[in-house]
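protein.pdb follows; it contains PDB, N, CA and C atoms, pLDDT in the B column.
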```
MODEL        1
ATOM      1  N   MET A 137     -21.560 -10.620  21.112  1.00 50.00           N
ATOM      2  CA  MET A 137     -20.818  -9.503  20.543  1.00 50.00           C
ATOM      3  C   MET A 137     -21.717  -8.772  19.565  1.00 50.00           C
ATOM      4  N   THR A 138     -21.698  -7.453  19.613  1.00 52.00           N
ATOM      5  CA  THR A 138     -22.540  -6.657  18.719  1.00 52.00           C
ATOM      6  C   THR A 138     -21.800  -6.317  17.442  1.00 52.00           C
ATOM      7  N   GLU A 139     -22.552  -6.190  16.401  1.00 48.00           N
ATOM      8  CA  GLU A 139     -21.991  -5.812  15.103  1.00 48.00           C
ATOM      9  C   GLU A 139     -21.801  -4.303  15.057  1.00 48.00           C
ATOM     10  N   PRO A 140     -20.792  -3.800  14.307  1.00 45.00           N
ATOM     11  CA  PRO A 140     -20.627  -2.354  14.173  1.00 45.00           C
ATOM     12  C   PRO A 140     -21.836  -1.748  13.473  1.00 45.00           C
ATOM     13  N   ALA A 141     -22.103  -0.487  13.758  1.00 52.00           N
ATOM     14  CA  ALA A 141     -23.258   0.207  13.189  1.00 52.00           C
ATOM     15  C   ALA A 141     -23.157   0.331  11.670  1.00 52.00           C
ATOM     16  N   GLU A 142     -21.964   0.461  11.167  1.00 62.00           N
ATOM     17  CA  GLU A 142     -21.731   0.638   9.735  1.00 62.00           C
ATOM     18  C   GLU A 142     -20.581  -0.282   9.351  1.00 62.00           C
ATOM     19  N   PRO A 143     -20.631  -0.893   8.160  1.00 66.00           N
ATOM     20  CA  PRO A 143     -19.514  -1.756   7.755  1.00 66.00           C
ATOM     21  C   PRO A 143     -18.187  -1.004   7.787  1.00 66.00           C
ATOM     22  N   ASP A 144     -17.160  -1.675   8.205  1.00 85.00           N
ATOM     23  CA  ASP A 144     -15.798  -1.144   8.227  1.00 85.00           C
ATOM     24  C   ASP A 144     -15.583  -0.020   9.237  1.00 85.00           C
ATOM     25  N   THR A 145     -16.451   0.095  10.246  1.00 90.00           N
ATOM     26  CA  THR A 145     -16.184   1.039  11.322  1.00 90.00           C
ATOM     27  C   THR A 145     -15.222   0.375  12.296  1.00 90.00           C
ATOM     28  N   PHE A 146     -14.584   1.168  13.109  1.00 95.00           N
ATOM     29  CA  PHE A 146     -13.612   0.647  14.057  1.00 95.00           C
ATOM     30  C   PHE A 146     -14.275   0.412  15.407  1.00 95.00           C
ATOM     31  N   ARG A 147     -13.967  -0.698  16.019  1.00 94.00           N
ATOM     32  CA  ARG A 147     -14.529  -1.022  17.335  1.00 94.00           C
ATOM     33  C   ARG A 147     -13.685  -0.440  18.456  1.00 94.00           C
ATOM     34  N   SER A 148     -12.439  -0.129  18.148  1.00 95.00           N
ATOM     35  CA  SER A 148     -11.522   0.398  19.148  1.00 95.00           C
ATOM     36  C   SER A 148     -10.477   1.262  18.452  1.00 95.00           C
ATOM     37  N   SER A 149      -9.934   2.224  19.185  1.00 95.00           N
ATOM     38  CA  SER A 149      -8.876   3.057  18.609  1.00 95.00           C
ATOM     39  C   SER A 149      -7.596   2.246  18.406  1.00 95.00           C
ATOM     40  N   ARG A 150      -7.501   1.093  19.053  1.00 95.00           N
ATOM     41  CA  ARG A 150      -6.311   0.239  18.883  1.00 95.00           C
ATOM     42  C   ARG A 150      -6.232  -0.373  17.496  1.00 95.00           C
ATOM     43  N   GLU A 151      -7.318  -0.339  16.741  1.00 96.00           N
ATOM     44  CA  GLU A 151      -7.317  -0.858  15.370  1.00 96.00           C
ATOM     45  C   GLU A 151      -6.657   0.123  14.396  1.00 96.00           C
ATOM     46  N   LEU A 152      -6.464   1.357  14.823  1.00 97.00           N
ATOM     47  CA  LEU A 152      -5.900   2.398  13.965  1.00 97.00           C
ATOM     48  C   LEU A 152      -4.393   2.480  14.149  1.00 97.00           C
ATOM     49  N   ARG A 153      -3.695   2.844  13.077  1.00 97.00           N
ATOM     50  CA  ARG A 153      -2.240   3.014  13.135  1.00 97.00           C
ATOM     51  C   ARG A 153      -1.836   4.128  12.177  1.00 97.00           C
ATOM     52  N   PRO A 154      -0.724   4.792  12.457  1.00 98.00           N
ATOM     53  CA  PRO A 154      -0.267   5.858  11.568  1.00 98.00           C
ATOM     54  C   PRO A 154      -0.082   5.351  10.132  1.00 98.00           C
ATOM     55  N   GLY A 155      -0.489   6.171   9.186  1.00 97.00           N
ATOM     56  CA  GLY A 155      -0.364   5.818   7.773  1.00 97.00           C
ATOM     57  C   GLY A 155      -1.616   5.201   7.185  1.00 97.00           C
ATOM     58  N   LEU A 156      -2.547   4.785   8.016  1.00 97.00           N
ATOM     59  CA  LEU A 156      -3.784   4.167   7.538  1.00 97.00           C
ATOM     60  C   LEU A 156      -4.695   5.244   6.951  1.00 97.00           C
ATOM     61  N   VAL A 157      -5.290   4.966   5.789  1.00 98.00           N
ATOM     62  CA  VAL A 157      -6.232   5.895   5.174  1.00 98.00           C
ATOM     63  C   VAL A 157      -7.627   5.558   5.690  1.00 98.00           C
ATOM     64  N   VAL A 158      -8.290   6.567   6.230  1.00 98.00           N
ATOM     65  CA  VAL A 158      -9.626   6.391   6.790  1.00 98.00           C
ATOM     66  C   VAL A 158     -10.572   7.418   6.180  1.00 98.00           C
ATOM     67  N   PHE A 159     -11.858   7.214   6.390  1.00 98.00           N
ATOM     68  CA  PHE A 159     -12.862   8.166   5.924  1.00 98.00           C
ATOM     69  C   PHE A 159     -13.499   8.801   7.141  1.00 98.00           C
ATOM     70  N   ASN A 160     -13.436  10.130   7.221  1.00 97.00           N
ATOM     71  CA  ASN A 160     -14.024  10.877   8.330  1.00 97.00           C
ATOM     72  C   ASN A 160     -15.488  11.122   7.997  1.00 97.00           C
ATOM     73  N   ARG A 161     -16.382  10.503   8.767  1.00 96.00           N
ATOM     74  CA  ARG A 161     -17.810  10.629   8.493  1.00 96.00           C
ATOM     75  C   ARG A 161     -18.366  11.988   8.893  1.00 96.00           C
ATOM     76  N   VAL A 162     -17.637  12.767   9.677  1.00 93.00           N
ATOM     77  CA  VAL A 162     -18.083  14.109  10.055  1.00 93.00           C
ATOM     78  C   VAL A 162     -17.889  15.072   8.884  1.00 93.00           C
ATOM     79  N   TYR A 163     -16.658  15.135   8.348  1.00 94.00           N
ATOM     80  CA  TYR A 163     -16.348  16.031   7.229  1.00 94.00           C
ATOM     81  C   TYR A 163     -16.634  15.407   5.870  1.00 94.00           C
ATOM     82  N   GLN A 164     -16.882  14.102   5.848  1.00 96.00           N
ATOM     83  CA  GLN A 164     -17.157  13.381   4.603  1.00 96.00           C
ATOM     84  C   GLN A 164     -15.968  13.414   3.643  1.00 96.00           C
ATOM     85  N   ILE A 165     -14.747  13.219   4.209  1.00 96.00           N
ATOM     86  CA  ILE A 165     -13.541  13.203   3.385  1.00 96.00           C
ATOM     87  C   ILE A 165     -12.568  12.143   3.893  1.00 96.00           C
ATOM     88  N   PRO A 166     -11.747  11.598   2.987  1.00 97.00           N
ATOM     89  CA  PRO A 166     -10.704  10.670   3.418  1.00 97.00           C
ATOM     90  C   PRO A 166      -9.503  11.437   3.959  1.00 97.00           C
ATOM     91  N   ALA A 167      -8.759  10.783   4.834  1.00 98.00           N
ATOM     92  CA  ALA A 167      -7.566  11.385   5.423  1.00 98.00           C
ATOM     93  C   ALA A 167      -6.635  10.263   5.884  1.00 98.00           C
ATOM     94  N   VAL A 168      -5.420  10.650   6.252  1.00 98.00           N
ATOM     95  CA  VAL A 168      -4.413   9.699   6.731  1.00 98.00           C
ATOM     96  C   VAL A 168      -4.263   9.860   8.239  1.00 98.00           C
ATOM     97  N   VAL A 169      -4.190   8.738   8.941  1.00 98.00           N
ATOM     98  CA  VAL A 169      -3.971   8.766  10.384  1.00 98.00           C
ATOM     99  C   VAL A 169      -2.530   9.192  10.646  1.00 98.00           C
ATOM    100  N   ARG A 170      -2.351  10.225  11.460  1.00 98.00           N
ATOM    101  CA  ARG A 170      -1.015  10.683  11.855  1.00 98.00           C
ATOM    102  C   ARG A 170      -0.621  10.088  13.192  1.00 98.00           C
ATOM    103  N   GLN A 171      -1.584  10.082  14.142  1.00 98.00           N
ATOM    104  CA  GLN A 171      -1.286   9.633  15.491  1.00 98.00           C
ATOM    105  C   GLN A 171      -2.585   9.230  16.177  1.00 98.00           C
ATOM    106  N   VAL A 172      -2.502   8.239  17.061  1.00 98.00           N
ATOM    107  CA  VAL A 172      -3.651   7.838  17.865  1.00 98.00           C
ATOM    108  C   VAL A 172      -3.347   8.216  19.307  1.00 98.00           C
ATOM    109  N   ASP A 173      -4.286   8.934  19.926  1.00 96.00           N
ATOM    110  CA  ASP A 173      -4.108   9.419  21.290  1.00 96.00           C
ATOM    111  C   ASP A 173      -5.350   9.047  22.097  1.00 96.00           C
ATOM    112  N   GLY A 174      -5.354   7.849  22.661  1.00 96.00           N
ATOM    113  CA  GLY A 174      -6.509   7.374  23.408  1.00 96.00           C
ATOM    114  C   GLY A 174      -7.690   7.183  22.486  1.00 96.00           C
ATOM    115  N   LEU A 175      -8.783   7.881  22.757  1.00 96.00           N
ATOM    116  CA  LEU A 175      -9.977   7.777  21.921  1.00 96.00           C
ATOM    117  C   LEU A 175      -9.930   8.693  20.706  1.00 96.00           C
ATOM    118  N   PHE A 176      -8.947   9.598  20.684  1.00 98.00           N
ATOM    119  CA  PHE A 176      -8.852  10.562  19.597  1.00 98.00           C
ATOM    120  C   PHE A 176      -7.757  10.190  18.606  1.00 98.00           C
ATOM    121  N   VAL A 177      -7.985  10.612  17.365  1.00 98.00           N
ATOM    122  CA  VAL A 177      -7.066  10.309  16.268  1.00 98.00           C
ATOM    123  C   VAL A 177      -6.729  11.611  15.569  1.00 98.00           C
ATOM    124  N   GLU A 178      -5.440  11.831  15.323  1.00 98.00           N
ATOM    125  CA  GLU A 178      -5.009  12.996  14.538  1.00 98.00           C
ATOM    126  C   GLU A 178      -4.984  12.582  13.075  1.00 98.00           C
ATOM    127  N   LEU A 179      -5.632  13.377  12.245  1.00 98.00           N
ATOM    128  CA  LEU A 179      -5.716  13.098  10.814  1.00 98.00           C
ATOM    129  C   LEU A 179      -5.052  14.210  10.017  1.00 98.00           C
ATOM    130  N   ALA A 180      -4.655  13.883   8.792  1.00 98.00           N
ATOM    131  CA  ALA A 180      -4.041  14.882   7.910  1.00 98.00           C
ATOM    132  C   ALA A 180      -4.468  14.627   6.475  1.00 98.00           C
ATOM    133  N   ARG A 181      -4.525  15.725   5.722  1.00 97.00           N
ATOM    134  CA  ARG A 181      -4.788  15.668   4.288  1.00 97.00           C
ATOM    135  C   ARG A 181      -3.549  16.188   3.576  1.00 97.00           C
ATOM    136  N   PRO A 182      -3.341  15.830   2.305  1.00 95.00           N
ATOM    137  CA  PRO A 182      -2.171  16.308   1.564  1.00 95.00           C
ATOM    138  C   PRO A 182      -2.118  17.819   1.424  1.00 95.00           C
ATOM    139  N   THR A 183      -3.213  18.491   1.628  1.00 94.00           N
ATOM    140  CA  THR A 183      -3.278  19.949   1.504  1.00 94.00           C
ATOM    141  C   THR A 183      -2.716  20.659   2.729  1.00 94.00           C
ATOM    142  N   GLY A 184      -2.421  19.897   3.773  1.00 94.00           N
ATOM    143  CA  GLY A 184      -1.915  20.487   5.004  1.00 94.00           C
ATOM    144  C   GLY A 184      -2.966  20.577   6.096  1.00 94.00           C
ATOM    145  N   MET A 185      -4.201  20.277   5.772  1.00 96.00           N
ATOM    146  CA  MET A 185      -5.269  20.289   6.775  1.00 96.00           C
ATOM    147  C   MET A 185      -5.028  19.173   7.785  1.00 96.00           C
ATOM    148  N   GLU A 186      -5.065  19.534   9.071  1.00 97.00           N
ATOM    149  CA  GLU A 186      -4.879  18.554  10.145  1.00 97.00           C
ATOM    150  C   GLU A 186      -5.945  18.798  11.202  1.00 97.00           C
ATOM    151  N   TRP A 187      -6.445  17.721  11.808  1.00 97.00           N
ATOM    152  CA  TRP A 187      -7.452  17.855  12.855  1.00 97.00           C
ATOM    153  C   TRP A 187      -7.512  16.577  13.683  1.00 97.00           C
ATOM    154  N   ARG A 188      -8.232  16.690  14.809  1.00 97.00           N
ATOM    155  CA  ARG A 188      -8.437  15.548  15.709  1.00 97.00           C
ATOM    156  C   ARG A 188      -9.912  15.170  15.693  1.00 97.00           C
ATOM    157  N   VAL A 189     -10.163  13.878  15.792  1.00 97.00           N
ATOM    158  CA  VAL A 189     -11.535  13.384  15.794  1.00 97.00           C
ATOM    159  C   VAL A 189     -11.591  12.109  16.632  1.00 97.00           C
ATOM    160  N   ALA A 190     -12.746  11.832  17.213  1.00 97.00           N
ATOM    161  CA  ALA A 190     -12.931  10.591  17.962  1.00 97.00           C
ATOM    162  C   ALA A 190     -12.916   9.413  16.991  1.00 97.00           C
ATOM    163  N   PHE A 191     -12.315   8.305  17.402  1.00 97.00           N
ATOM    164  CA  PHE A 191     -12.133   7.172  16.492  1.00 97.00           C
ATOM    165  C   PHE A 191     -13.455   6.637  15.947  1.00 97.00           C
ATOM    166  N   TYR A 192     -14.530   6.731  16.710  1.00 96.00           N
ATOM    167  CA  TYR A 192     -15.796   6.156  16.263  1.00 96.00           C
ATOM    168  C   TYR A 192     -16.457   6.976  15.158  1.00 96.00           C
ATOM    169  N   ARG A 193     -15.882   8.120  14.814  1.00 97.00           N
ATOM    170  CA  ARG A 193     -16.365   8.923  13.686  1.00 97.00           C
ATOM    171  C   ARG A 193     -15.694   8.518  12.373  1.00 97.00           C
ATOM    172  N   LEU A 194     -14.829   7.511  12.438  1.00 97.00           N
ATOM    173  CA  LEU A 194     -14.059   7.079  11.271  1.00 97.00           C
ATOM    174  C   LEU A 194     -14.503   5.701  10.809  1.00 97.00           C
ATOM    175  N   ARG A 195     -14.242   5.439   9.556  1.00 97.00           N
ATOM    176  CA  ARG A 195     -14.388   4.084   9.011  1.00 97.00           C
ATOM    177  C   ARG A 195     -13.239   3.869   8.038  1.00 97.00           C
ATOM    178  N   ARG A 196     -13.053   2.636   7.647  1.00 96.00           N
ATOM    179  CA  ARG A 196     -11.995   2.327   6.675  1.00 96.00           C
ATOM    180  C   ARG A 196     -12.348   2.975   5.336  1.00 96.00           C
ATOM    181  N   ALA A 197     -11.342   3.519   4.676  1.00 97.00           N
ATOM    182  CA  ALA A 197     -11.555   4.137   3.365  1.00 97.00           C
ATOM    183  C   ALA A 197     -11.700   3.048   2.312  1.00 97.00           C
ATOM    184  N   THR A 198     -12.555   3.297   1.357  1.00 96.00           N
ATOM    185  CA  THR A 198     -12.700   2.380   0.228  1.00 96.00           C
ATOM    186  C   THR A 198     -11.541   2.617  -0.740  1.00 96.00           C
ATOM    187  N   ALA A 199     -11.404   1.740  -1.708  1.00 96.00           N
ATOM    188  CA  ALA A 199     -10.354   1.907  -2.718  1.00 96.00           C
ATOM    189  C   ALA A 199     -10.546   3.226  -3.467  1.00 96.00           C
ATOM    190  N   TRP A 200     -11.793   3.564  -3.785  1.00 97.00           N
ATOM    191  CA  TRP A 200     -12.074   4.811  -4.489  1.00 97.00           C
ATOM    192  C   TRP A 200     -11.657   6.010  -3.636  1.00 97.00           C
ATOM    193  N   GLU A 201     -11.939   5.983  -2.344  1.00 97.00           N
ATOM    194  CA  GLU A 201     -11.580   7.093  -1.456  1.00 97.00           C
ATOM    195  C   GLU A 201     -10.070   7.221  -1.291  1.00 97.00           C
ATOM    196  N   ARG A 202      -9.362   6.103  -1.305  1.00 97.00           N
ATOM    197  CA  ARG A 202      -7.884   6.166  -1.256  1.00 97.00           C
ATOM    198  C   ARG A 202      -7.338   6.810  -2.525  1.00 97.00           C
ATOM    199  N   ARG A 203      -7.912   6.461  -3.671  1.00 97.00           N
ATOM    200  CA  ARG A 203      -7.489   7.086  -4.934  1.00 97.00           C
ATOM    201  C   ARG A 203      -7.827   8.570  -4.936  1.00 97.00           C
ATOM    202  N   GLN A 204      -8.975   8.925  -4.372  1.00 96.00           N
ATOM    203  CA  GLN A 204      -9.379  10.325  -4.278  1.00 96.00           C
ATOM    204  C   GLN A 204      -8.355  11.123  -3.468  1.00 96.00           C
ATOM    205  N   LEU A 205      -7.899  10.561  -2.346  1.00 96.00           N
ATOM    206  CA  LEU A 205      -6.913  11.238  -1.510  1.00 96.00           C
ATOM    207  C   LEU A 205      -5.594  11.420  -2.264  1.00 96.00           C
ATOM    208  N   THR A 206      -5.185  10.423  -3.001  1.00 96.00           N
ATOM    209  CA  THR A 206      -3.967  10.523  -3.809  1.00 96.00           C
ATOM    210  C   THR A 206      -4.117  11.616  -4.869  1.00 96.00           C
ATOM    211  N   ALA A 207      -5.276  11.670  -5.506  1.00 95.00           N
ATOM    212  CA  ALA A 207      -5.519  12.675  -6.541  1.00 95.00           C
ATOM    213  C   ALA A 207      -5.520  14.084  -5.953  1.00 95.00           C
ATOM    214  N   VAL A 208      -6.078  14.256  -4.765  1.00 94.00           N
ATOM    215  CA  VAL A 208      -6.076  15.565  -4.108  1.00 94.00           C
ATOM    216  C   VAL A 208      -4.642  16.006  -3.834  1.00 94.00           C
ATOM    217  N   GLY A 209      -3.808  15.081  -3.379  1.00 94.00           N
ATOM    218  CA  GLY A 209      -2.405  15.389  -3.122  1.00 94.00           C
ATOM    219  C   GLY A 209      -1.680  15.807  -4.386  1.00 94.00           C
ATOM    220  N   ARG A 210      -1.942  15.086  -5.474  1.00 93.00           N
ATOM    221  CA  ARG A 210      -1.299  15.401  -6.755  1.00 93.00           C
ATOM    222  C   ARG A 210      -1.734  16.782  -7.239  1.00 93.00           C
ATOM    223  N   LEU A 211      -3.023  17.075  -7.162  1.00 93.00           N
ATOM    224  CA  LEU A 211      -3.542  18.375  -7.586  1.00 93.00           C
ATOM    225  C   LEU A 211      -2.976  19.503  -6.719  1.00 93.00           C
ATOM    226  N   HIS A 212      -2.891  19.277  -5.428  1.00 91.00           N
ATOM    227  CA  HIS A 212      -2.353  20.301  -4.524  1.00 91.00           C
ATOM    228  C   HIS A 212      -0.890  20.604  -4.862  1.00 91.00           C
ATOM    229  N   ARG A 213      -0.097  19.571  -5.116  1.00 90.00           N
ATOM    230  CA  ARG A 213       1.320  19.782  -5.479  1.00 90.00           C
ATOM    231  C   ARG A 213       1.436  20.557  -6.788  1.00 90.00           C
ATOM    232  N   GLN A 214       0.604  20.230  -7.771  1.00 89.00           N
ATOM    233  CA  GLN A 214       0.615  20.946  -9.048  1.00 89.00           C
ATOM    234  C   GLN A 214       0.284  22.422  -8.855  1.00 89.00           C
ATOM    235  N   ARG A 215      -0.714  22.687  -8.063  1.00 88.00           N
ATOM    236  CA  ARG A 215      -1.129  24.073  -7.828  1.00 88.00           C
ATOM    237  C   ARG A 215      -0.066  24.847  -7.041  1.00 88.00           C
ATOM    238  N   GLN A 216       0.591  24.196  -6.112  1.00 87.00           N
ATOM    239  CA  GLN A 216       1.656  24.843  -5.348  1.00 87.00           C
ATOM    240  C   GLN A 216       2.823  25.207  -6.267  1.00 87.00           C
ATOM    241  N   ARG A 217       3.168  24.336  -7.201  1.00 86.00           N
ATOM    242  CA  ARG A 217       4.241  24.635  -8.148  1.00 86.00           C
ATOM    243  C   ARG A 217       3.877  25.832  -9.008  1.00 86.00           C
ATOM    244  N   GLY A 218       2.594  25.954  -9.373  1.00 80.00           N
ATOM    245  CA  GLY A 218       2.145  27.056 -10.210  1.00 80.00           C
ATOM    246  C   GLY A 218       2.136  28.390  -9.474  1.00 80.00           C
ATOM    247  N   LEU A 219       2.115  28.376  -8.154  1.00 70.00           N
ATOM    248  CA  LEU A 219       2.058  29.615  -7.382  1.00 70.00           C
ATOM    249  C   LEU A 219       3.422  30.178  -7.053  1.00 70.00           C
ATOM    250  N   THR A 220       4.472  29.385  -7.185  1.00 58.00           N
ATOM    251  CA  THR A 220       5.813  29.872  -6.819  1.00 58.00           C
ATOM    252  C   THR A 220       6.464  30.628  -7.943  1.00 58.00           C
TER     253      THR A 220
ENDMDL
END
```
Transcribe the structure of this file into structure tokens.
Amino acid sequence: MTEPAEPDTFRSSRELRPGLVVFNRVYQIPAVVRQVDGLFVELARPTGMEWRVAFYRLRRATAWERRQLTAVGRLHRQRQRGLT
């Protein structure tokens, strides 16, 4: 059995589930898994940004990256309240 290229990378899309926080190595940002569709995964950010990416472009988010995603959501909600 071969080791993953990077620690905490996924070997299969079956390891992913909705609600899991992952780090997208393409955009260099954390996001939440919305749906898994074969080899592709739908991701979302608290700002409303949504996109699809191949599962092998993702890795597990670190604790710091999960906190970063929470902070982005909090900041986005604050800014939205200020615009209304």
Could you pull out all residues of segment 139-215 of chain A with a DSSP call of helix (DSSP H, G or I) and give them as an NGL selection string? :A and (149-151 or 191-193 or 199-215)
What's the separation between atom CA of Ser148 of chain A and atom C of Asn160 of chain A, in Å to one decimal place? 16.0 Å
For Asp173 of chain A, which residue out of A:Ser149, A:Val158, A:Gln216, A:Arg195 is the nearest one, using only N, CA and C atoms?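 Counting only N, CA and C atoms, the residue closest to Asp173 of chain A is A:Ser149.
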Could you list the residues chosen by the PyMOL selection byres ((chain A and resi 166) around 7) in this structure as a list in words?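 Checked against the file, the PyMOL selection byres ((chain A and resi 166) around 7) matches Val157, Val158, Phe159, Asn160, Tyr163, Gln164, Ile165, Ala167, Val168, Ala180, Arg181, Ala197, Glu201, Arg202 and Leu205 of chain A.
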Kindly export the residues of the current selection with N, CA and C atoms, as a PDB file, keeping the file's coordinate frame.
```pdb
ATOM      1  N   VAL A 157      -5.290   4.966   5.789  1.00 98.00           N
ATOM      2  CA  VAL A 157      -6.232   5.895   5.174  1.00 98.00           C
ATOM      3  C   VAL A 157      -7.627   5.558   5.690  1.00 98.00           C
ATOM      4  N   VAL A 158      -8.290   6.567   6.230  1.00 98.00           N
ATOM      5  CA  VAL A 158      -9.626   6.391   6.790  1.00 98.00           C
ATOM      6  C   VAL A 158     -10.572   7.418   6.180  1.00 98.00           C
ATOM      7  N   PHE A 159     -11.858   7.214   6.390  1.00 98.00           N
ATOM      8  CA  PHE A 159     -12.862   8.166   5.924  1.00 98.00           C
ATOM      9  C   PHE A 159     -13.499   8.801   7.141  1.00 98.00           C
ATOM     10  N   ASN A 160     -13.436  10.130   7.221  1.00 97.00           N
ATOM     11  CA  ASN A 160     -14.024  10.877   8.330  1.00 97.00           C
ATOM     12  C   ASN A 160     -15.488  11.122   7.997  1.00 97.00           C
ATOM     13  N   TYR A 163     -16.658  15.135   8.348  1.00 94.00           N
ATOM     14  CA  TYR A 163     -16.348  16.031   7.229  1.00 94.00           C
ATOM     15  C   TYR A 163     -16.634  15.407   5.870  1.00 94.00           C
ATOM     16  N   GLN A 164     -16.882  14.102   5.848  1.00 96.00           N
ATOM     17  CA  GLN A 164     -17.157  13.381   4.603  1.00 96.00           C
ATOM     18  C   GLN A 164     -15.968  13.414   3.643  1.00 96.00           C
ATOM     19  N   ILE A 165     -14.747  13.219   4.209  1.00 96.00           N
ATOM     20  CA  ILE A 165     -13.541  13.203   3.385  1.00 96.00           C
ATOM     21  C   ILE A 165     -12.568  12.143   3.893  1.00 96.00           C
ATOM     22  N   ALA A 167      -8.759  10.783   4.834  1.00 98.00           N
ATOM     23  CA  ALA A 167      -7.566  11.385   5.423  1.00 98.00           C
ATOM     24  C   ALA A 167      -6.635  10.263   5.884  1.00 98.00           C
ATOM     25  N   VAL A 168      -5.420  10.650   6.252  1.00 98.00           N
ATOM     26  CA  VAL A 168      -4.413   9.699   6.731  1.00 98.00           C
ATOM     27  C   VAL A 168      -4.263   9.860   8.239  1.00 98.00           C
ATOM     28  N   ALA A 180      -4.655  13.883   8.792  1.00 98.00           N
ATOM     29  CA  ALA A 180      -4.041  14.882   7.910  1.00 98.00           C
ATOM     30  C   ALA A 180      -4.468  14.627   6.475  1.00 98.00           C
ATOM     31  N   ARG A 181      -4.525  15.725   5.722  1.00 97.00           N
ATOM     32  CA  ARG A 181      -4.788  15.668   4.288  1.00 97.00           C
ATOM     33  C   ARG A 181      -3.549  16.188   3.576  1.00 97.00           C
ATOM     34  N   ALA A 197     -11.342   3.519   4.676  1.00 97.00           N
ATOM     35  CA  ALA A 197     -11.555   4.137   3.365  1.00 97.00           C
ATOM     36  C   ALA A 197     -11.700   3.048   2.312  1.00 97.00           C
ATOM     37  N   GLU A 201     -11.939   5.983  -2.344  1.00 97.00           N
ATOM     38  CA  GLU A 201     -11.580   7.093  -1.456  1.00 97.00           C
ATOM     39  C   GLU A 201     -10.070   7.221  -1.291  1.00 97.00           C
ATOM     40  N   ARG A 202      -9.362   6.103  -1.305  1.00 97.00           N
ATOM     41  CA  ARG A 202      -7.884   6.166  -1.256  1.00 97.00           C
ATOM     42  C   ARG A 202      -7.338   6.810  -2.525  1.00 97.00           C
ATOM     43  N   LEU A 205      -7.899  10.561  -2.346  1.00 96.00           N
ATOM     44  CA  LEU A 205      -6.913  11.238  -1.510  1.00 96.00           C
ATOM     45  C   LEU A 205      -5.594  11.420  -2.264  1.00 96.00           C
TER      46      LEU A 205
END
```
Can you list, as a PDB file with N, CA and C atoms, in the frame of the given file, every protein, DNA or RNA residue that comes within 8 Å of Val172 of chain A when you count only C-alpha atoms, leaving out same-chain residues fewer than 5 positions away?
```pdb
ATOM      1  N   SER A 149      -9.934   2.224  19.185  1.00 95.00           N
ATOM      2  CA  SER A 149      -8.876   3.057  18.609  1.00 95.00           C
ATOM      3  C   SER A 149      -7.596   2.246  18.406  1.00 95.00           C
ATOM      4  N   LEU A 152      -6.464   1.357  14.823  1.00 97.00           N
ATOM      5  CA  LEU A 152      -5.900   2.398  13.965  1.00 97.00           C
ATOM      6  C   LEU A 152      -4.393   2.480  14.149  1.00 97.00           C
ATOM      7  N   ARG A 153      -3.695   2.844  13.077  1.00 97.00           N
ATOM      8  CA  ARG A 153      -2.240   3.014  13.135  1.00 97.00           C
ATOM      9  C   ARG A 153      -1.836   4.128  12.177  1.00 97.00           C
ATOM     10  N   PRO A 154      -0.724   4.792  12.457  1.00 98.00           N
ATOM     11  CA  PRO A 154      -0.267   5.858  11.568  1.00 98.00           C
ATOM     12  C   PRO A 154      -0.082   5.351  10.132  1.00 98.00           C
ATOM     13  N   VAL A 177      -7.985  10.612  17.365  1.00 98.00           N
ATOM     14  CA  VAL A 177      -7.066  10.309  16.268  1.00 98.00           C
ATOM     15  C   VAL A 177      -6.729  11.611  15.569  1.00 98.00           C
ATOM     16  N   GLU A 178      -5.440  11.831  15.323  1.00 98.00           N
ATOM     17  CA  GLU A 178      -5.009  12.996  14.538  1.00 98.00           C
ATOM     18  C   GLU A 178      -4.984  12.582  13.075  1.00 98.00           C
TER      19      GLU A 178
END
```
Step by step, gather every atom of segment 181-186 of chain A that the file lists, find the box along x, y and z that holds them, add 5 Å on each side, and finally give centre and edge lengths in Å to one decimal, as AutoDock Vina command-line options.
```
--center_x -3.9 --center_y 18.2 --center_z 6.3 --size_x 14.0 --size_y 15.0 --size_z 19.8
```
Under the rule that all atoms listed in the file are counted, which of A:Arg215, A:Gly155, A:Asp144, A:Val208 is the nearest residue to Pro182 of chain A?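 Ranked by minimum distance to Pro182 of chain A, first place goes to A:Val208.
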A:Leu175, A:Val162, A:Val189, A:Leu194: which is nearest Arg150 of chain A, counting all atoms listed in the file? A:Leu175
So how far away is atom C of Arg170 of chain A from atom CA of Phe191 of chain A, in Å?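 These atoms are spaced 12.3 Å apart.
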From a DSSP pass on the backbone, collect the residues of chain A flagged as strand (DSSP E) and hand them back as a list in words.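 Selecting the strand (DSSP E) positions of chain A gives Val157, Val158, Phe159, Asn160, Ile165, Pro166, Ala167, Val168, Val169, Arg170, Gln171, Val172, Asp173, Phe176, Val177, Glu178, Leu179, Ala180, Glu186, Trp187, Arg188, Val189, Ala190, Leu194, Arg195 and Arg196 of chain A.
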Would you compute the distance between atom CA of Gly174 of chain A and atom CA of Leu156 of chain A? Give it in Å to one decimal.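 For atom CA of Gly174 of chain A relative to atom CA of Leu156 of chain A, the distance reads 16.4 Å.
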Proximity to Arg188 of chain A - best of A:Phe176, A:Gly218, A:Arg161, A:Leu211, only C-alpha atoms: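 Of A:Phe176, A:Gly218, A:Arg161, A:Leu211, the one nearest Arg188 of chain A is A:Phe176, counting only C-alpha atoms.
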Pick the closest to Phe146 of chain A from A:Ala190, A:Val169, A:Arg196, A:Thr183: which is it, counting only N, CA and C atoms?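 Between A:Ala190, A:Val169, A:Arg196, A:Thr183, the residue approaching Phe146 of chain A most closely is A:Arg196.
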